[in-house]
Amino acid sequence: MISLRLLSLHTLTCFLLFVQTHSEDERKTYIVYMGDLPKGVESTESLHITMLQNILASKFTADVLVHSYKKSLNGFVAKLTEEEAVRMEGLDDVVSVFPNKRNEVQTTRSWDFVGLSQSVKRTTTESDIIVGVIDTGIWPESHSFDDQGFGPPPSKWKGTCHNFICNKYNTFSFDK
């Protein structure tokens, strides 16, 4: 009787250790943001592959790199374990590493989004209306972007300042 209990306990312990070990090796998608592109770099994708090869060594396979951003930012999406993501974040060229998450579209039908009932009788003046928003950009000098009271930027900050009056955090002008 006691040996059966010990055997059951031993089997359960082995199973739990296996599950824990297996889950630690599980790869999830992470976004690796690197700030400005280094001068003289021709291919961002080859730079990203090299970084992954350095972190993963023999574990690197072609399917680890999910996407390499080429236009909007310097970064990539990769399948990493938690430990690999932490090591990646410790690299000098990396600003941040964060888990990729799926975001659902917030609205394609405004009635549902706002929570209005469709069963209510509406007047004809309320039908066939399209509400649009025109984004006219930002105004860096606005008080909304004032950096008074903030300390210096973090040491891993990789931004650059363009030729206009700017503070420590508002560093890009999009007037083109």
# chains A, B, ... in the order shown; residues from 1 in each chain; ligands from 1

call {"tool": "residues_around", "arguments": {"residues": "Gly35 of chain A", "least_positions_apart": "6", "cutoff": "12 Å", "atoms": "only C-alpha atoms", "output": "list in words"}}
result
Tyr69, Ser72, Leu73, Asn74, Gly75, Phe76, Asp92, Asp93, Val94, Val95, Ser96, Val97, Lys156, Trp157, Lys158, Gly159 and Thr160 of chain A

call {"tool": "closest_residue", "arguments": {"among": "A:Phe150, A:Ser43, A:Ile134, A:Asn103", "to": "Lys71 of chain A", "atoms": "only C-alpha atoms"}}
result
A:Ser43

call {"tool": "closest_residue", "arguments": {"among": "A:Ser155, A:Leu47, A:Gln53, A:Glu82", "to": "Lys70 of chain A", "atoms": "only C-alpha atoms"}}
result
A:Leu47

call {"tool": "atom_distance", "arguments": {"atom1": "atom CA of Lys28 of chain A", "atom2": "atom CA of Ser68 of chain A"}}
result
16.1 Å

call {"tool": "closest_residue", "arguments": {"among": "A:Glu89, A:His143, A:Val105, A:Glu84", "to": "Glu26 of chain A", "atoms": "only C-alpha atoms"}}
result
A:Glu84

call {"tool": "atom_distance", "arguments": {"atom1": "atom CA of Ser58 of chain A", "atom2": "atom CA of Val41 of chain A"}}
result
25.0 Å

call {"tool": "atom_distance", "arguments": {"atom1": "atom CA of Ile130 of chain A", "atom2": "atom CA of Ser144 of chain A"}}
result
29.3 Å

call {"tool": "select_by_dssp", "arguments": {"residues": "segment 16-88 of chain A", "states": "helix (DSSP H, G or I)", "output": "ChimeraX atom specification"}}
result
/A:16-24,44-59,62-64,82-88

call {"tool": "select_by_dssp", "arguments": {"residues": "segment 35-90 of chain A", "states": "strand (DSSP E or B)", "output": "PyMOL selection string"}}
result
chain A and resi 65-69+75-80

call {"tool": "write_last_selection", "arguments": {"atoms": "N, CA and C atoms", "output": "PDB file, in the first residue's frame"}}
result
ATOM      1  N   LEU A  65      12.601  33.941 -36.951  1.00  0.00           N
ATOM      2  CA  LEU A  65      12.315  35.315 -37.365  1.00  0.00           C
ATOM      3  C   LEU A  65      10.967  35.331 -38.085  1.00  0.00           C
ATOM      4  N   VAL A  66       9.974  35.942 -37.456  1.00  0.00           N
ATOM      5  CA  VAL A  66       8.628  35.985 -38.005  1.00  0.00           C
ATOM      6  C   VAL A  66       8.492  37.133 -38.990  1.00  0.00           C
ATOM      7  N   HIS A  67       8.998  38.321 -38.612  1.00  0.00           N
ATOM      8  CA  HIS A  67       8.877  39.502 -39.475  1.00  0.00           C
ATOM      9  C   HIS A  67       9.990  40.482 -39.140  1.00  0.00           C
ATOM     10  N   SER A  68      10.526  41.096 -40.161  1.00  0.00           N
ATOM     11  CA  SER A  68      11.541  42.127 -39.976  1.00  0.00           C
ATOM     12  C   SER A  68      10.972  43.444 -40.502  1.00  0.00           C
ATOM     13  N   TYR A  69      10.823  44.424 -39.620  1.00  0.00           N
ATOM     14  CA  TYR A  69      10.290  45.719 -40.039  1.00  0.00           C
ATOM     15  C   TYR A  69      11.355  46.456 -40.844  1.00  0.00           C
ATOM     16  N   GLY A  75      13.160  47.093 -36.044  1.00  0.00           N
ATOM     17  CA  GLY A  75      12.833  46.037 -35.113  1.00  0.00           C
ATOM     18  C   GLY A  75      12.358  44.812 -35.848  1.00  0.00           C
ATOM     19  N   PHE A  76      12.014  43.795 -35.088  1.00  0.00           N
ATOM     20  CA  PHE A  76      11.554  42.557 -35.701  1.00  0.00           C
ATOM     21  C   PHE A  76      10.687  41.791 -34.722  1.00  0.00           C
ATOM     22  N   VAL A  77       9.993  40.788 -35.252  1.00  0.00           N
ATOM     23  CA  VAL A  77       9.176  39.888 -34.450  1.00  0.00           C
ATOM     24  C   VAL A  77       9.837  38.518 -34.530  1.00  0.00           C
ATOM     25  N   ALA A  78      10.039  37.894 -33.370  1.00  0.00           N
ATOM     26  CA  ALA A  78      10.710  36.596 -33.331  1.00  0.00           C
ATOM     27  C   ALA A  78      10.046  35.678 -32.317  1.00  0.00           C
ATOM     28  N   LYS A  79      10.186  34.376 -32.560  1.00  0.00           N
ATOM     29  CA  LYS A  79       9.711  33.361 -31.611  1.00  0.00           C
ATOM     30  C   LYS A  79      10.848  33.077 -30.646  1.00  0.00           C
ATOM     31  N   LEU A  80      10.649  33.471 -29.379  1.00  0.00           N
ATOM     32  CA  LEU A  80      11.688  33.335 -28.354  1.00  0.00           C
ATOM     33  C   LEU A  80      11.109  32.703 -27.095  1.00  0.00           C
TER      34      LEU A  80
END
